[in-house]
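Worksheet: the structure to be examined is printed underneath.
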There are 2 protein chains.
Amino acid sequence: MARKSQSDPAQTPFGSNPALPVDAKSGAPRAADKIRRTARELFYAEGIRAVGVDEIVTKAGVTKPSLYRAFPSKDELAAAYLRDYDAEFWQRFEARLDAAGRDNPRAGLMDFLQSLNDRASAPNYRGCGLSNTAVEYPDDAHPARRVSEDHKRKLRLKLAELAADMGADDPKQLGDGLMLLIEGAFVSGQIFHAGGGPARALVDAATRLIESHLKG
Amino acid sequence: MARKSQSDPAQTPFGSNPALPVDAKSGAPRAADKIRRTARELFYAEGIRAVGVDEIVTKAGVTKPSLYRAFPSKDELAAAYLRDYDAEFWQRFEARLDAAGRDNPRAGLMDFLQSLNDRASAPNYRGCGLSNTAVEYPDDAHPARRVSEDHKRKLRLKLAELAADMGADDPKQLGDGLMLLIEGAFVSGQIFHAGGGPARALVDAATRLIESHLKG
DNA sequence: CATTTAACGTACCGGTCAGTCACATGAACA
DNA sequence: TGTTCATGTGACTGACCGGTACGTTAAATG
C-alpha cells in the first residue's frame with residue numbers, strides 16, 4: 001500500500017504546500033500537521049465559512065478528536081492557517097527584496113508586484129487569504145480576523161518604509177497608494193480570474209505612481 | 001401601537017435604505033419588500049453566509065414561507081440583494097458624473113472617488129457588497145456571484161470609457177489602474193475601518209495616475 | 001351573503017453544523 | 001513487562017441550517 005495521498009503536490013496560487021514535518025522516529029506525518037495542511041488548502045480555495053470541520057478531517061485522513069486535540073476550535077484553526085499564511089507571505093516578500101539587493105528597494109518591490117501580477121492571472125487564483133478572511137469575518141474580536149488585521153497593518157508600514165527608502169517625498173502617501181493597488185489586485189484577480197483582469201495593470205500603475213512621487 | 005420599526009432610519013455606509021414601497025390599498029409594506037430591505041442590511045453588514053434566513057425573517061417581522069414565496073431560495077435572495085445594490089451603485093455613480101457635467105468626466109470621477117474615500121473611513125464601513133460576495137462565493141455558477149461578476153465587468157468598461165473621454169493615451173490601462181485603486185479602497189476600508197486606512201490615499205493616487213496618463 | 005383569491009402565519013422536516021465523550025489501539029521507551 | 005503518548009472509533013449532543021406542507025385571515029368579487 002505504502003503512503004497514499006502523500007505524493008499530491010498541492011499546488012496553490014500562493015505556492016505549493018511545503019513538505020509535511022514528520023515524526024522523528026516513525027517517519028509519519030503528525031495528525032496536527034496534516035490538518036493544518038489540509039485546512040490551508042480548503043480554507044484558501046473555498047473560504048473559511050464554506051468549509052466544515054468534517055470535510056477537513058476526512059480529506060486529511062484523520063479524525064475529529066485529533067483536530068480538537070490540536071486546536072481549541074475551528075476559529076482558532078482558521079487563525080493558525082492565517083498565521084502560516086502570514087509567515088509564508090513575508091518569507092517570499094523579503095526574499096524578493098533580498099534578491100534585488102537591500103540598496104535597491106524599488107527593484108525588489110517591482111519584482112514582488114510582477115510575481116503577484118502573474119499569480120493573479122492564474123485560473124484558480126483566490127486572492128489573499130488574509131484579506132478574504134477580513135471580508136468573511138467583520139467582527140474585530142474574531143481570532144482569524146485579528147491575524148488578518150495585524151498582517152495588513154504590518155504590510156502598510158512595510159510599504160511606507162520601502163517608499164521612504166526609495167526617496168519618496170511623502171512615503172506614507174506612496175505606501176498607501178501602493179497598498180490600494182496591491183489589495184485591488186488581490187480582489188480583482190479572483191473576480192476576473194482567468195487571463196487576469198485589471199490586475200494586469202498592477203505593475204504599470206505602480207510604476208507611474210512611484211515615478212510621480214519621485215519627481216516631486 | 002401604530003407601526004413599530006418603521007421609523008428606523010437604517011443608515012448604512014452605502015446610503016440609507018430607501019422608503020419601503022407600500023401596498024396601494026392597505027398602505028402597509030409588503031412582506032417581500034420588508035425581506036428585501038432587511039436582507040440587504042444584514043447581508044451587507046455581516047456577509048451572506050453569516051446570515052441565516054431565520055434571522056432575516058425575524059428581523060423583518062415576517063415568516064419564512066413569505067420569504068420562499070417571494071424568492072426561490074436564499075441564494076436567489078442574495079442575488080436580488082446584489083441586483084438592488086448594483087442598481088443603486090450606478091444611480092449614484094451616474095449622478096456624480098451628471099453633476100460634474102458630461103463634458104468633464106474627470107471631475108465627475110474624482111467626485112465619486114472623494115465620496116468613496118469618505119464612506120470608506122466610516123466606522124461601520126464594510127466595503128463593496130458585490131466584491132465581498134465574490135470573496136464569499138468562489139463558484140462562478142452561484143447566482144449571487146454572477147451578479148457580482150457582471151457588475152465588475154461593467155465597471156471596468158465604464159472606467160476605460162471615462163479614461164478615453166479624459167483623453168488618455170491608453171484608456172484601458174488607466175481604467176484598470178483606477179479599478180485597482182477603487183477595489184483596494186473597498187477592501188482596505190473595511191480592514192482599517194475607523195479613521196480610514198490606506199483608502200485615504202485614494203484621491204491622491206488616482207490624481208497622480210490620471211496625470212501620468214494625460215502627460216504621455 | 002357566499003365564495004373566491006391573495007397574502008400570510010403555524011408548525012414541522014431532514015440534514016448539517018461545531019464540538020465532546022468514553023474507550024480502544026498501537027508504537028516507543030524504560 | 002508495564003507505562004506513556006498520539007491517535008483512531010463510534011456514538012452523541014444541541015443548535016442551527018435551508019426549505020415546505022398546510023391552515024388561517026381578510027379583503028375583493030359575484
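Numbering starts fresh at 1 for the residues of each chain in the C-alpha cells, the chains themselves are lettered A, B, ... in the order given, and ligands are numbered from 1 as they appear.
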
Interface, chain C side, toward chain B (10 Å; only C-alpha atoms (C1' of nucleotides)) as a PyMOL selection string: chain C and resi 7-10

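The two identical-sequence chains, chain B and chain A, differ by a C-alpha RMSD of 0.1 Å after optimal least-squares superposition.
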
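Every chain A residue lying within 6 Å of chain B, based on only C-alpha atoms, is listed here: Gln173, Asp176, Gly177, Leu180, Leu181, Glu183, Gly184, Ala185, Pro198, Ala201 and Ala205 of chain A.
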
Would you kindly return, as JSON, numbers by chain, each protein, DNA or RNA residue with an atom no farther than 10 Å from any atom of Phe89 of chain A, considering only C-alpha atoms (C1' of nucleotides) and excluding same-chain residues fewer than 4 positions away? {"A": [14, 15, 83, 84, 85, 93, 94, 95, 128, 151]}

Using all heavy atoms, can you export the residues from the last selection as a JSON list (two decimals), in the first residue's frame?
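Saved result, again28.json, follows:
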```json
[["chain", "number", "residue", "atom", "x", "y", "z"],
["A", 14, "PHE", "N", -0.81, 30.45, -4.08],
["A", 14, "PHE", "CA", 0.13, 31.15, -3.20],
["A", 14, "PHE", "C", 1.38, 30.33, -3.00],
["A", 14, "PHE", "O", 2.17, 30.59, -2.11],
["A", 14, "PHE", "CB", -0.52, 31.51, -1.86],
["A", 14, "PHE", "CG", -1.12, 30.37, -1.11],
["A", 14, "PHE", "CD1", -0.35, 29.65, -0.21],
["A", 14, "PHE", "CD2", -2.43, 30.01, -1.30],
["A", 14, "PHE", "CE1", -0.90, 28.60, 0.49],
["A", 14, "PHE", "CE2", -2.99, 28.95, -0.61],
["A", 14, "PHE", "CZ", -2.23, 28.25, 0.29],
["A", 15, "GLY", "N", 1.58, 29.33, -3.85],
["A", 15, "GLY", "CA", 2.76, 28.49, -3.75],
["A", 15, "GLY", "C", 2.39, 27.11, -3.29],
["A", 15, "GLY", "O", 1.32, 26.89, -2.75],
["A", 83, "ARG", "N", -1.87, 32.47, 10.33],
["A", 83, "ARG", "CA", -0.52, 32.73, 10.83],
["A", 83, "ARG", "C", 0.51, 32.06, 9.92],
["A", 83, "ARG", "O", 1.55, 32.65, 9.61],
["A", 83, "ARG", "CB", -0.38, 32.24, 12.28],
["A", 83, "ARG", "CG", -0.89, 33.27, 13.30],
["A", 83, "ARG", "CD", -0.57, 32.85, 14.73],
["A", 83, "ARG", "NE", -1.40, 31.75, 15.18],
["A", 83, "ARG", "CZ", -2.57, 31.90, 15.81],
["A", 83, "ARG", "NH1", -3.04, 33.11, 16.04],
["A", 83, "ARG", "NH2", -3.26, 30.85, 16.17],
["A", 84, "ASP", "N", 0.20, 30.86, 9.47],
["A", 84, "ASP", "CA", 1.07, 30.20, 8.49],
["A", 84, "ASP", "C", 1.14, 31.03, 7.21],
["A", 84, "ASP", "O", 2.22, 31.24, 6.63],
["A", 84, "ASP", "CB", 0.54, 28.80, 8.15],
["A", 84, "ASP", "CG", 0.73, 27.83, 9.30],
["A", 84, "ASP", "OD1", 1.40, 28.18, 10.29],
["A", 84, "ASP", "OD2", 0.18, 26.70, 9.23],
["A", 85, "TYR", "N", -0.01, 31.46, 6.78],
["A", 85, "TYR", "CA", -0.11, 32.24, 5.55],
["A", 85, "TYR", "C", 0.73, 33.51, 5.66],
["A", 85, "TYR", "O", 1.49, 33.87, 4.77],
["A", 85, "TYR", "CB", -1.58, 32.60, 5.31],
["A", 85, "TYR", "CG", -1.89, 33.07, 3.91],
["A", 85, "TYR", "CD1", -2.52, 32.23, 3.00],
["A", 85, "TYR", "CD2", -1.57, 34.36, 3.49],
["A", 85, "TYR", "CE1", -2.81, 32.66, 1.72],
["A", 85, "TYR", "CE2", -1.86, 34.79, 2.21],
["A", 85, "TYR", "CZ", -2.48, 33.93, 1.33],
["A", 85, "TYR", "OH", -2.77, 34.37, 0.06],
["A", 93, "PHE", "N", 8.12, 37.66, 0.39],
["A", 93, "PHE", "CA", 8.28, 39.10, 0.19],
["A", 93, "PHE", "C", 9.72, 39.54, 0.44],
["A", 93, "PHE", "O", 10.36, 40.19, -0.39],
["A", 93, "PHE", "CB", 7.32, 39.84, 1.12],
["A", 93, "PHE", "CG", 7.20, 41.31, 0.87],
["A", 93, "PHE", "CD1", 6.33, 41.80, -0.09],
["A", 93, "PHE", "CD2", 7.93, 42.22, 1.61],
["A", 93, "PHE", "CE1", 6.20, 43.16, -0.32],
["A", 93, "PHE", "CE2", 7.82, 43.59, 1.39],
["A", 93, "PHE", "CZ", 6.94, 44.06, 0.42],
["A", 94, "GLU", "N", 10.24, 39.14, 1.58],
["A", 94, "GLU", "CA", 11.60, 39.51, 1.95],
["A", 94, "GLU", "C", 12.61, 38.87, 0.99],
["A", 94, "GLU", "O", 13.67, 39.46, 0.71],
["A", 94, "GLU", "CB", 11.91, 39.11, 3.39],
["A", 94, "GLU", "CG", 10.99, 39.74, 4.44],
["A", 94, "GLU", "CD", 11.28, 41.23, 4.66],
["A", 94, "GLU", "OE1", 12.28, 41.75, 4.12],
["A", 94, "GLU", "OE2", 10.47, 41.88, 5.35],
["A", 95, "ALA", "N", 12.30, 37.68, 0.52],
["A", 95, "ALA", "CA", 13.21, 37.01, -0.41],
["A", 95, "ALA", "C", 13.37, 37.85, -1.68],
["A", 95, "ALA", "O", 14.48, 37.98, -2.22],
["A", 95, "ALA", "CB", 12.68, 35.61, -0.75],
["A", 128, "CYS", "N", -5.89, 37.11, -1.67],
["A", 128, "CYS", "CA", -5.13, 36.99, -0.43],
["A", 128, "CYS", "C", -6.01, 36.38, 0.65],
["A", 128, "CYS", "O", -7.08, 36.91, 0.96],
["A", 128, "CYS", "CB", -4.63, 38.37, 0.01],
["A", 128, "CYS", "SG", -3.87, 38.37, 1.65],
["A", 151, "HIS", "N", -1.65, 41.60, 10.14],
["A", 151, "HIS", "CA", -0.85, 41.46, 8.92],
["A", 151, "HIS", "C", -0.94, 42.71, 8.04],
["A", 151, "HIS", "O", 0.07, 43.21, 7.55],
["A", 151, "HIS", "CB", -1.31, 40.23, 8.13],
["A", 151, "HIS", "CG", -0.74, 40.16, 6.75],
["A", 151, "HIS", "ND1", 0.44, 39.51, 6.45],
["A", 151, "HIS", "CD2", -1.17, 40.67, 5.57],
["A", 151, "HIS", "CE1", 0.69, 39.62, 5.17],
["A", 151, "HIS", "NE2", -0.27, 40.32, 4.59]]
```

Could you please select, counting only C-alpha atoms (C1' of nucleotides), the residues of chain D within 12 Å of chain A and state them as number ranges by chain? D: 6-10
